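> For reference, this is upload-v6.cif, and it has mmCIF, C-alpha atoms and all ligand atoms.
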data_entry
loop_
_atom_site.group_PDB
_atom_site.id
_atom_site.type_symbol
_atom_site.label_atom_id
_atom_site.label_comp_id
_atom_site.auth_asym_id
_atom_site.auth_seq_id
_atom_site.Cartn_x
_atom_site.Cartn_y
_atom_site.Cartn_z
ATOM 1 C CA MET X 210 35.393 -20.098 -10.445
ATOM 2 C CA ALA X 211 31.659 -20.328 -11.068
ATOM 3 C CA LEU X 212 31.719 -17.418 -13.505
ATOM 4 C CA THR X 213 34.520 -18.641 -15.752
ATOM 5 C CA GLY X 214 33.747 -17.643 -19.339
ATOM 6 C CA LYS X 215 31.243 -14.989 -18.224
ATOM 7 C CA THR X 216 31.516 -11.239 -18.611
ATOM 8 C CA ALA X 217 30.295 -8.450 -16.343
ATOM 9 C CA LEU X 218 29.855 -4.701 -16.377
ATOM 10 C CA VAL X 219 29.884 -3.055 -12.961
ATOM 11 C CA THR X 220 29.132 0.668 -12.988
ATOM 12 C CA GLY X 221 30.917 2.750 -10.367
ATOM 13 C CA ALA X 222 33.481 0.011 -9.823
ATOM 14 C CA SER X 223 36.518 2.167 -9.085
ATOM 15 C CA ARG X 224 35.675 2.586 -5.402
ATOM 16 C CA GLY X 225 33.452 1.403 -2.570
ATOM 17 C CA ILE X 226 30.770 -1.201 -3.107
ATOM 18 C CA GLY X 227 31.285 -1.333 -6.882
ATOM 19 C CA ARG X 228 34.947 -2.168 -6.420
ATOM 20 C CA ALA X 229 34.078 -4.995 -4.022
ATOM 21 C CA VAL X 230 31.562 -6.341 -6.542
ATOM 22 C CA ALA X 231 34.089 -6.158 -9.392
ATOM 23 C CA GLU X 232 36.763 -7.927 -7.343
ATOM 24 C CA ARG X 233 34.381 -10.662 -6.259
ATOM 25 C CA LEU X 234 32.965 -11.315 -9.749
ATOM 26 C CA ALA X 235 36.503 -11.425 -11.136
ATOM 27 C CA ALA X 236 37.570 -13.803 -8.362
ATOM 28 C CA ASP X 237 34.657 -16.003 -9.424
ATOM 29 C CA GLY X 238 36.137 -16.071 -12.932
ATOM 30 C CA ALA X 239 34.312 -13.319 -14.854
ATOM 31 C CA LEU X 240 35.987 -10.807 -17.146
ATOM 32 C CA VAL X 241 34.920 -7.526 -15.533
ATOM 33 C CA ALA X 242 34.464 -4.102 -17.113
ATOM 34 C CA VAL X 243 35.390 -1.689 -14.316
ATOM 35 C CA HIS X 244 33.311 1.390 -15.082
ATOM 36 C CA TYR X 245 33.974 4.750 -13.397
ATOM 37 C CA GLY X 246 33.439 8.463 -13.915
ATOM 38 C CA ARG X 247 36.561 10.504 -13.226
ATOM 39 C CA ASN X 248 38.916 8.848 -10.765
ATOM 40 C CA ASP X 249 41.521 7.254 -13.059
ATOM 41 C CA THR X 250 43.789 6.382 -10.155
ATOM 42 C CA ALA X 251 41.102 4.467 -8.299
ATOM 43 C CA ALA X 252 40.009 2.632 -11.440
ATOM 44 C CA LYS X 253 43.596 1.645 -12.227
ATOM 45 C CA GLU X 254 43.982 0.355 -8.662
ATOM 46 C CA THR X 255 40.848 -1.758 -8.976
ATOM 47 C CA VAL X 256 41.914 -3.256 -12.301
ATOM 48 C CA ALA X 257 45.423 -3.903 -10.916
ATOM 49 C CA ALA X 258 44.015 -5.542 -7.776
ATOM 50 C CA ILE X 259 41.909 -7.865 -9.918
ATOM 51 C CA GLU X 260 44.817 -8.734 -12.205
ATOM 52 C CA ASN X 261 47.225 -9.256 -9.290
ATOM 53 C CA ALA X 262 44.737 -11.730 -7.856
ATOM 54 C CA GLY X 263 44.756 -13.628 -11.162
ATOM 55 C CA GLY X 264 41.536 -12.172 -12.572
ATOM 56 C CA GLN X 265 40.662 -10.316 -15.753
ATOM 57 C CA ALA X 266 39.372 -6.741 -15.990
ATOM 58 C CA PHE X 267 39.506 -3.612 -18.106
ATOM 59 C CA PRO X 268 38.601 0.011 -17.293
ATOM 60 C CA VAL X 269 35.689 1.912 -18.840
ATOM 61 C CA ARG X 270 35.738 5.660 -18.220
ATOM 62 C CA ALA X 271 32.374 7.350 -18.828
ATOM 63 C CA GLU X 272 30.911 10.074 -16.673
ATOM 64 C CA LEU X 273 27.204 9.385 -16.275
ATOM 65 C CA GLY X 274 24.672 12.202 -16.283
ATOM 66 C CA VAL X 275 26.325 14.113 -19.130
ATOM 67 C CA GLU X 276 25.442 14.280 -22.814
ATOM 68 C CA GLY X 277 26.477 11.114 -24.666
ATOM 69 C CA ASP X 278 27.287 9.186 -21.467
ATOM 70 C CA VAL X 279 25.808 5.873 -22.594
ATOM 71 C CA ASP X 280 27.502 6.103 -26.008
ATOM 72 C CA THR X 281 30.874 6.708 -24.374
ATOM 73 C CA LEU X 282 30.392 3.787 -22.008
ATOM 74 C CA PHE X 283 29.353 1.300 -24.669
ATOM 75 C CA GLU X 284 32.115 2.252 -27.118
ATOM 76 C CA GLN X 285 34.678 1.193 -24.525
ATOM 77 C CA LEU X 286 32.654 -1.741 -23.243
ATOM 78 C CA THR X 287 32.232 -3.328 -26.661
ATOM 79 C CA ALA X 288 35.906 -2.745 -27.457
ATOM 80 C CA GLY X 289 36.907 -4.466 -24.209
ATOM 81 C CA LEU X 290 34.504 -7.363 -24.713
ATOM 82 C CA ASP X 291 35.944 -7.812 -28.192
ATOM 83 C CA GLY X 292 32.984 -9.654 -29.696
ATOM 84 C CA ARG X 293 31.845 -11.421 -26.534
ATOM 85 C CA GLY X 294 28.362 -10.901 -25.120
ATOM 86 C CA LEU X 295 27.549 -9.617 -21.656
ATOM 87 C CA ASP X 296 26.318 -11.927 -18.890
ATOM 88 C CA ILE X 297 26.071 -9.681 -15.831
ATOM 89 C CA LEU X 298 25.145 -6.018 -15.474
ATOM 90 C CA VAL X 299 25.427 -4.353 -12.072
ATOM 91 C CA ASN X 300 23.940 -0.852 -11.990
ATOM 92 C CA ASN X 301 25.824 0.454 -8.969
ATOM 93 C CA ALA X 302 27.107 3.992 -9.688
ATOM 94 C CA ALA X 303 25.218 6.708 -7.852
ATOM 95 C CA VAL X 304 25.669 10.049 -6.170
ATOM 96 C CA ILE X 305 24.222 11.602 -3.049
ATOM 97 C CA ASP X 306 23.924 15.349 -2.607
ATOM 98 C CA TYR X 307 23.927 16.020 1.132
ATOM 99 C CA GLY X 308 22.346 19.431 0.427
ATOM 100 C CA ASP X 309 19.355 17.863 -1.248
ATOM 101 C CA SER X 310 16.711 18.640 1.411
ATOM 102 C CA ILE X 311 13.181 19.737 0.519
ATOM 103 C CA GLU X 312 14.094 23.297 1.505
ATOM 104 C CA ALA X 313 17.327 23.485 -0.500
ATOM 105 C CA ILE X 314 16.880 21.325 -3.567
ATOM 106 C CA THR X 315 17.091 23.101 -6.938
ATOM 107 C CA PRO X 316 15.898 21.857 -10.334
ATOM 108 C CA GLU X 317 19.540 21.562 -11.441
ATOM 109 C CA ALA X 318 20.530 19.455 -8.426
ATOM 110 C CA TYR X 319 17.433 17.301 -8.908
ATOM 111 C CA GLU X 320 18.342 16.690 -12.555
ATOM 112 C CA GLN X 321 21.918 15.737 -11.672
ATOM 113 C CA VAL X 322 21.016 13.165 -9.006
ATOM 114 C CA MET X 323 18.258 11.663 -11.122
ATOM 115 C CA ALA X 324 20.488 11.560 -14.218
ATOM 116 C CA VAL X 325 23.159 9.477 -12.485
ATOM 117 C CA ASN X 326 21.015 7.370 -10.146
ATOM 118 C CA LEU X 327 18.006 6.637 -12.340
ATOM 119 C CA ARG X 328 18.290 7.786 -15.944
ATOM 120 C CA ALA X 329 21.702 6.130 -16.346
ATOM 121 C CA PRO X 330 20.631 2.674 -15.092
ATOM 122 C CA LEU X 331 17.581 2.847 -17.366
ATOM 123 C CA PHE X 332 19.487 3.709 -20.524
ATOM 124 C CA VAL X 333 22.587 1.653 -19.713
ATOM 125 C CA THR X 334 20.250 -1.321 -19.355
ATOM 126 C CA GLN X 335 18.424 -0.477 -22.569
ATOM 127 C CA ARG X 336 21.724 -0.342 -24.461
ATOM 128 C CA ALA X 337 22.962 -3.536 -22.763
ATOM 129 C CA LEU X 338 19.954 -5.636 -23.750
ATOM 130 C CA PRO X 339 21.176 -6.633 -27.225
ATOM 131 C CA LEU X 340 24.548 -7.597 -25.735
ATOM 132 C CA LEU X 341 23.091 -9.471 -22.758
ATOM 133 C CA ARG X 342 22.977 -13.195 -23.307
ATOM 134 C CA ASP X 343 19.794 -15.112 -22.457
ATOM 135 C CA GLY X 344 20.084 -16.399 -18.895
ATOM 136 C CA GLY X 345 21.929 -13.213 -17.918
ATOM 137 C CA ARG X 346 21.766 -11.246 -14.694
ATOM 138 C CA ILE X 347 20.955 -7.649 -13.829
ATOM 139 C CA VAL X 348 21.468 -6.352 -10.304
ATOM 140 C CA ASN X 349 20.475 -2.803 -9.375
ATOM 141 C CA VAL X 350 21.977 -1.233 -6.268
ATOM 142 C CA SER X 351 19.379 0.695 -4.314
ATOM 143 C CA SER X 352 19.382 1.824 -0.687
ATOM 144 C CA GLY X 353 17.680 1.399 2.662
ATOM 145 C CA VAL X 354 16.493 4.999 2.291
ATOM 146 C CA THR X 355 13.559 3.566 0.350
ATOM 147 C CA TRP X 356 12.099 2.420 3.685
ATOM 148 C CA PHE X 357 13.731 4.650 6.324
ATOM 149 C CA ALA X 358 13.362 8.390 6.038
ATOM 150 C CA GLN X 359 16.283 10.747 5.656
ATOM 151 C CA PRO X 360 16.445 14.387 4.557
ATOM 152 C CA GLU X 361 18.150 13.715 1.184
ATOM 153 C CA ILE X 362 14.833 13.531 -0.576
ATOM 154 C CA VAL X 363 15.869 13.285 -4.229
ATOM 155 C CA TYR X 364 18.439 10.552 -3.524
ATOM 156 C CA ALA X 365 15.689 8.569 -1.753
ATOM 157 C CA MET X 366 13.244 9.203 -4.608
ATOM 158 C CA SER X 367 15.790 7.995 -7.161
ATOM 159 C CA LYS X 368 16.309 4.751 -5.249
ATOM 160 C CA GLY X 369 12.572 4.187 -4.770
ATOM 161 C CA ALA X 370 12.134 4.455 -8.526
ATOM 162 C CA LEU X 371 15.005 2.024 -9.059
ATOM 163 C CA ASN X 372 13.151 -0.590 -6.996
ATOM 164 C CA VAL X 373 10.120 -0.175 -9.256
ATOM 165 C CA PHE X 374 12.363 -0.349 -12.337
ATOM 166 C CA THR X 375 13.621 -3.731 -11.097
ATOM 167 C CA ARG X 376 10.154 -5.257 -10.842
ATOM 168 C CA SER X 377 8.987 -4.058 -14.236
ATOM 169 C CA LEU X 378 12.199 -5.151 -15.943
ATOM 170 C CA ALA X 379 12.124 -8.574 -14.264
ATOM 171 C CA ARG X 380 8.717 -9.204 -15.778
ATOM 172 C CA THR X 381 9.784 -8.036 -19.220
ATOM 173 C CA LEU X 382 13.005 -10.056 -19.313
ATOM 174 C CA GLY X 383 11.637 -13.247 -17.763
ATOM 175 C CA PRO X 384 11.055 -14.946 -21.131
ATOM 176 C CA ARG X 385 14.789 -14.580 -21.828
ATOM 177 C CA GLN X 386 15.621 -16.171 -18.438
ATOM 178 C CA ILE X 387 17.342 -12.942 -17.426
ATOM 179 C CA THR X 388 16.891 -12.262 -13.717
ATOM 180 C CA VAL X 389 16.633 -8.715 -12.387
ATOM 181 C CA ASN X 390 17.013 -7.980 -8.696
ATOM 182 C CA THR X 391 17.807 -5.133 -6.360
ATOM 183 C CA VAL X 392 20.351 -5.251 -3.576
ATOM 184 C CA SER X 393 19.673 -2.549 -1.055
ATOM 185 C CA PRO X 394 22.672 -1.834 1.176
ATOM 186 C CA GLY X 395 22.402 -0.455 4.658
ATOM 187 C CA ILE X 396 25.044 1.881 6.065
ATOM 188 C CA THR X 397 28.321 0.843 4.476
ATOM 189 C CA GLU X 398 31.838 2.227 4.922
ATOM 190 C CA THR X 399 32.710 3.941 1.628
ATOM 191 C CA ASP X 400 33.699 7.420 0.457
ATOM 192 C CA MET X 401 29.983 8.221 0.236
ATOM 193 C CA ASN X 402 29.788 7.902 4.013
ATOM 194 C CA GLY X 403 32.789 9.910 5.203
ATOM 195 C CA TRP X 404 30.885 10.692 8.396
ATOM 196 C CA LEU X 405 31.322 7.057 9.509
ATOM 197 C CA GLN X 406 34.992 7.861 10.236
ATOM 198 C CA GLN X 407 33.856 9.593 13.409
ATOM 199 C CA PRO X 408 33.817 6.953 16.167
ATOM 200 C CA GLU X 409 30.602 8.300 17.698
ATOM 201 C CA SER X 410 28.844 8.026 14.320
ATOM 202 C CA ALA X 411 30.025 4.441 13.839
ATOM 203 C CA ALA X 412 28.908 3.618 17.376
ATOM 204 C CA GLY X 413 25.511 5.164 16.667
ATOM 205 C CA VAL X 414 25.074 2.928 13.621
ATOM 206 C CA ALA X 415 26.240 -0.147 15.551
ATOM 207 C CA ALA X 416 23.609 0.592 18.210
ATOM 208 C CA ILE X 417 20.748 0.381 15.709
ATOM 209 C CA THR X 418 22.095 -2.677 13.871
ATOM 210 C CA ALA X 419 21.290 -6.190 15.097
ATOM 211 C CA LEU X 420 24.714 -7.516 14.113
ATOM 212 C CA GLY X 421 26.372 -4.639 15.957
ATOM 213 C CA ARG X 422 28.438 -2.869 13.286
ATOM 214 C CA HIS X 423 28.131 -0.973 10.002
ATOM 215 C CA GLY X 424 28.680 -2.737 6.679
ATOM 216 C CA GLN X 425 31.827 -3.189 4.622
ATOM 217 C CA PRO X 426 31.750 -3.140 0.809
ATOM 218 C CA ASP X 427 32.398 -6.880 0.541
ATOM 219 C CA ASP X 428 29.359 -7.572 2.760
ATOM 220 C CA ILE X 429 27.370 -6.210 -0.159
ATOM 221 C CA GLY X 430 29.580 -7.568 -2.952
ATOM 222 C CA ASP X 431 29.188 -11.151 -1.774
ATOM 223 C CA VAL X 432 25.390 -10.899 -1.951
ATOM 224 C CA ILE X 433 25.474 -9.340 -5.403
ATOM 225 C CA ALA X 434 27.702 -12.245 -6.453
ATOM 226 C CA PHE X 435 24.947 -14.619 -5.336
ATOM 227 C CA PHE X 436 22.391 -12.905 -7.564
ATOM 228 C CA ALA X 437 24.923 -12.989 -10.408
ATOM 229 C CA SER X 438 25.569 -16.706 -9.975
ATOM 230 C CA ASP X 439 23.742 -19.778 -11.196
ATOM 231 C CA GLU X 440 22.539 -20.323 -7.603
ATOM 232 C CA GLY X 441 20.411 -17.181 -7.964
ATOM 233 C CA ARG X 442 18.616 -18.403 -11.075
ATOM 234 C CA TRP X 443 15.153 -18.724 -9.476
ATOM 235 C CA VAL X 444 15.056 -15.282 -7.859
ATOM 236 C CA THR X 445 13.842 -12.319 -9.878
ATOM 237 C CA GLY X 446 12.017 -9.051 -9.302
ATOM 238 C CA GLN X 447 13.100 -8.908 -5.653
ATOM 239 C CA VAL X 448 14.613 -6.311 -3.350
ATOM 240 C CA LEU X 449 16.985 -7.721 -0.737
ATOM 241 C CA GLU X 450 17.955 -5.525 2.190
ATOM 242 C CA VAL X 451 21.597 -6.232 3.035
ATOM 243 C CA ASN X 452 22.241 -4.308 6.207
ATOM 244 C CA GLY X 453 23.117 -6.508 9.194
ATOM 245 C CA GLY X 454 19.629 -6.064 10.623
ATOM 246 C CA LEU X 455 19.286 -2.294 10.541
ATOM 247 C CA TRP X 456 16.516 -0.885 12.721
ATOM 248 C CA LEU X 457 14.903 -4.220 13.508
ATOM 249 C CA GLY X 458 13.778 -2.802 16.823
ATOM 250 C CA PRO X 459 15.191 -1.791 20.216
ATOM 251 C CA ASN X 460 18.281 -3.755 21.268
ATOM 252 C CA SER X 461 17.348 -3.819 24.978
ATOM 253 C CA ARG X 462 14.131 -5.156 26.465
HETATM 254 N N1 LIG M 1 27.736 3.473 1.119
HETATM 255 C C1 LIG M 1 26.531 3.255 1.618
HETATM 256 O O1 LIG M 1 26.310 3.278 2.842
HETATM 257 C C2 LIG M 1 25.387 2.961 0.720
HETATM 258 C C3 LIG M 1 24.147 2.696 1.309
HETATM 259 C C4 LIG M 1 23.083 2.398 0.493
HETATM 260 C C5 LIG M 1 23.221 2.372 -0.869
HETATM 261 N N2 LIG M 1 24.437 2.647 -1.422
HETATM 262 C C6 LIG M 1 24.535 2.593 -2.872
HETATM 263 O O2 LIG M 1 25.630 1.760 -3.224
HETATM 264 C C7 LIG M 1 26.171 2.190 -4.473
HETATM 265 C C8 LIG M 1 27.675 2.417 -4.336
HETATM 266 O O3 LIG M 1 27.881 3.396 -3.345
HETATM 267 P P1 LIG M 1 29.312 3.644 -2.692
HETATM 268 O O4 LIG M 1 29.052 4.069 -1.298
HETATM 269 O O5 LIG M 1 30.205 2.520 -2.985
HETATM 270 O O6 LIG M 1 29.766 4.945 -3.529
HETATM 271 P P2 LIG M 1 31.218 5.615 -3.668
HETATM 272 O O7 LIG M 1 32.194 5.010 -2.744
HETATM 273 O O8 LIG M 1 30.946 7.077 -3.598
HETATM 274 O O9 LIG M 1 31.643 5.220 -5.178
HETATM 275 C C9 LIG M 1 30.881 5.719 -6.224
HETATM 276 C C10 LIG M 1 31.284 5.060 -7.508
HETATM 277 O O10 LIG M 1 30.395 5.528 -8.534
HETATM 278 C C11 LIG M 1 31.135 6.214 -9.525
HETATM 279 N N3 LIG M 1 30.384 7.399 -9.962
HETATM 280 C C12 LIG M 1 29.820 8.338 -9.172
HETATM 281 N N4 LIG M 1 29.246 9.287 -9.929
HETATM 282 C C13 LIG M 1 29.465 8.927 -11.209
HETATM 283 C C14 LIG M 1 29.139 9.507 -12.460
HETATM 284 N N5 LIG M 1 28.466 10.670 -12.553
HETATM 285 N N6 LIG M 1 29.531 8.866 -13.574
HETATM 286 C C15 LIG M 1 30.213 7.711 -13.511
HETATM 287 N N7 LIG M 1 30.561 7.118 -12.366
HETATM 288 C C16 LIG M 1 30.181 7.720 -11.232
HETATM 289 C C17 LIG M 1 32.435 6.608 -8.877
HETATM 290 O O11 LIG M 1 33.438 6.760 -9.888
HETATM 291 P P3 LIG M 1 34.750 7.711 -9.639
HETATM 292 O O12 LIG M 1 35.667 6.918 -8.745
HETATM 293 O O13 LIG M 1 35.305 7.928 -10.995
HETATM 294 O O14 LIG M 1 34.245 8.964 -8.986
HETATM 295 C C18 LIG M 1 32.677 5.411 -7.957
HETATM 296 O O15 LIG M 1 33.212 4.338 -8.682
HETATM 297 C C19 LIG M 1 25.383 3.431 -4.861
HETATM 298 O O16 LIG M 1 24.324 3.072 -5.705
HETATM 299 C C20 LIG M 1 24.825 3.917 -3.530
HETATM 300 O O17 LIG M 1 23.668 4.697 -3.690
HETATM 301 C C21 LIG M 1 25.526 2.942 -0.657
#
Could you write out this structure as structure tokens?

Amino acid sequence: MALTGKTALVTGASRGIGRAVAERLAADGALVAVHYGRNDTAAKETVAAIENAGGQAFPVRAELGVEGDVDTLFEQLTAGLDGRGLDILVNNAAVIDYGDSIEAITPEAYEQVMAVNLRAPLFVTQRALPLLRDGGRIVNVSSGVTWFAQPEIVYAMSKGALNVFTRSLARTLGPRQITVNTVSPGITETDMNGWLQQPESAAGVAAITALGRHGQPDDIGDVIAFFASDEGRWVTGQVLEVNGGLWLGPNSR
């Protein structure tokens, strides 16, 4: 229960990696704000799972990328925190548009992906700063697409910018002993990756991964919990690839 007495906001915590992060931080003792956009059922399930396991959580519904998104989020967050400060911010929510190739991308689609994946973490963080206690933690969730190439160009650009955001912010917040790091998942089984349900796709990923399988959300959540913990206090401004050894090189000699 290393996080007893601490509070956390995890964006996009109703499903996938965010849910695993929320469950793990709550299991470690934190009161967790389970942020989500639209899926009330999933958010309720996450909060219930945390409470059934003896943890504390409350839902925060705020669709990111729309007018007033940060205001909506912080109204509910501050109500749920009820006068307490914030110790941990995990900027996890993001979207991928599988039509976002260089040939097909439109200005509207560009704006939408950037608004959720980049503008929201920037302004959520800005709004969180007065609430964040000195010695706090910020973890941004990026992606391996910052170093391997895939056609979804705007998604990759948004994550590349997030890595840069981490470094700049780490420098700025150092005097307050707030660490800022990026966790960069590899290919992880969530709703974002429905294609992994096909056995041949999963086998293809396993073949290019040193540890021989794709990731599960708690593979990522456990690492984020490290950055959020006291053990992570001397690490800031870093990007950690958490991917089971994706594309380390050929598996056969
Ligand atoms: N899965 C992977 O293989 C993989 C790989 C690399 C990086 N990542 C990164 O890991 C993070 C989590 O991905 P995931 O695969 O867990 O995603 P996911 O399963 O699709 O879950 C997305 C979460 O974000 C929320 N969300 C999405 N759009 C939102 C919006 N406009 N406003 C508010 N909330 C919104 C969703 O809320 P609702 O439930 O309300 O829709 C949900 O909680 C993302 O940053 C992603 O880029 C994932």
> Which residue gives the smallest distance to ligand LIG 1 (chain M) among X:Asp306, X:Asp343, X:Asp400, X:Asp427, with only C-alpha atoms and all ligand atoms counted?
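For ligand LIG 1 (chain M), the nearest of the given residues is X:Asp400.
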> Looking at only C-alpha atoms and all ligand atoms, which of X:Pro384, X:Gly227, X:Gly294, X:Gly264 is the one that sits closest to ligand LIG 1 (chain M)?
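Smallest distance to ligand LIG 1 (chain M) is found for X:Gly227.
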> Measuring atom to atom with all atoms listed in the file, identify which of X:Ile429, X:Ser438, X:Leu457, X:Val275 is nearest to X:Gly225.
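For X:Gly225, the nearest of the candidates is X:Ile429.
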> I'd like the interatomic distance between atom CA of X:Ala318 and atom CA of X:Ser410, to a tenth of an Å.
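Taking atom CA of X:Ala318 as the start and atom CA of X:Ser410 as the end point, the length is 26.8 Å.
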> Please indicate the distance in Å from atom CA of X:Ser377 to atom CA of X:Arg442, rounded to one decimal place.
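We find that atom CA of X:Ser377 and atom CA of X:Arg442 lie 17.6 Å from each other.
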> Around ligand LIG 1 (chain M), which protein and nucleic acid residues have at least one atom no more than 6 Å from it, if we count all atoms listed in the file? List them as an NGL selection string.
:X and (221-227 or 245-248 or 251 or 271-274 or 301-304 or 325 or 350-353 or 394-402)
> Work out how far apart atom CA of X:Leu338 and atom CA of X:Gly263 are and give it in Å to one decimal.
28.9 Å
> For X:Arg422, find every residue with an atom within 9 Å (counting only C-alpha atoms), except residues of its own chain fewer than 4 positions away, and show them as JSON, numbers by chain.
{"X": [411, 412, 414, 415, 416, 417, 418, 453]}
> Run the PyMOL selection byres (((chain X and resi 288-291) around 12) and not hetatm) on the file and write out the hits as a PyMOL selection string.
chain X and resi 214-218+239-244+265-270+281-287+292-296+340-341
> Please write the residues picked by the PyMOL selection byres (((chain X and resi 344) around 7) and not hetatm) on this file as a PyMOL selection string.
chain X and resi 342-343+345-346+385-387
> Of the candidates X:Thr388, X:Gln447, X:Asn452, X:Gln407, which shows the shortest atom-to-atom distance to X:Leu420, using all atoms listed in the file?
X:Asn452
> Could you list the residues chosen by the PyMOL selection byres (((chain X and resi 310) around 10) and not hetatm) in this structure as a VMD selection string?
chain X and resid 306 to 309 311 to 315 359 to 364
> Can you tell me, as a PyMOL selection string, which residues sit within 8 Å of (22.1, 1.8, -14.6) in the file's frame, using all atoms listed in the file?
chain X and resi 220+299-302+326-334+349
> My list of candidates is X:Glu254, X:Asp280, X:Asp249, X:Asp431. Which is closest to X:Leu234 when distances are computed with all atoms listed in the file?
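Selected residue with least distance to X:Leu234: X:Asp431.
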> Which residue out of X:Pro316, X:Asn372, X:Asp428, X:Ala419 has the minimum interatomic distance to X:Gly454 when all atoms listed in the file are used?
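Of X:Pro316, X:Asn372, X:Asp428, X:Ala419, the one nearest X:Gly454 is X:Ala419, counting all atoms listed in the file.
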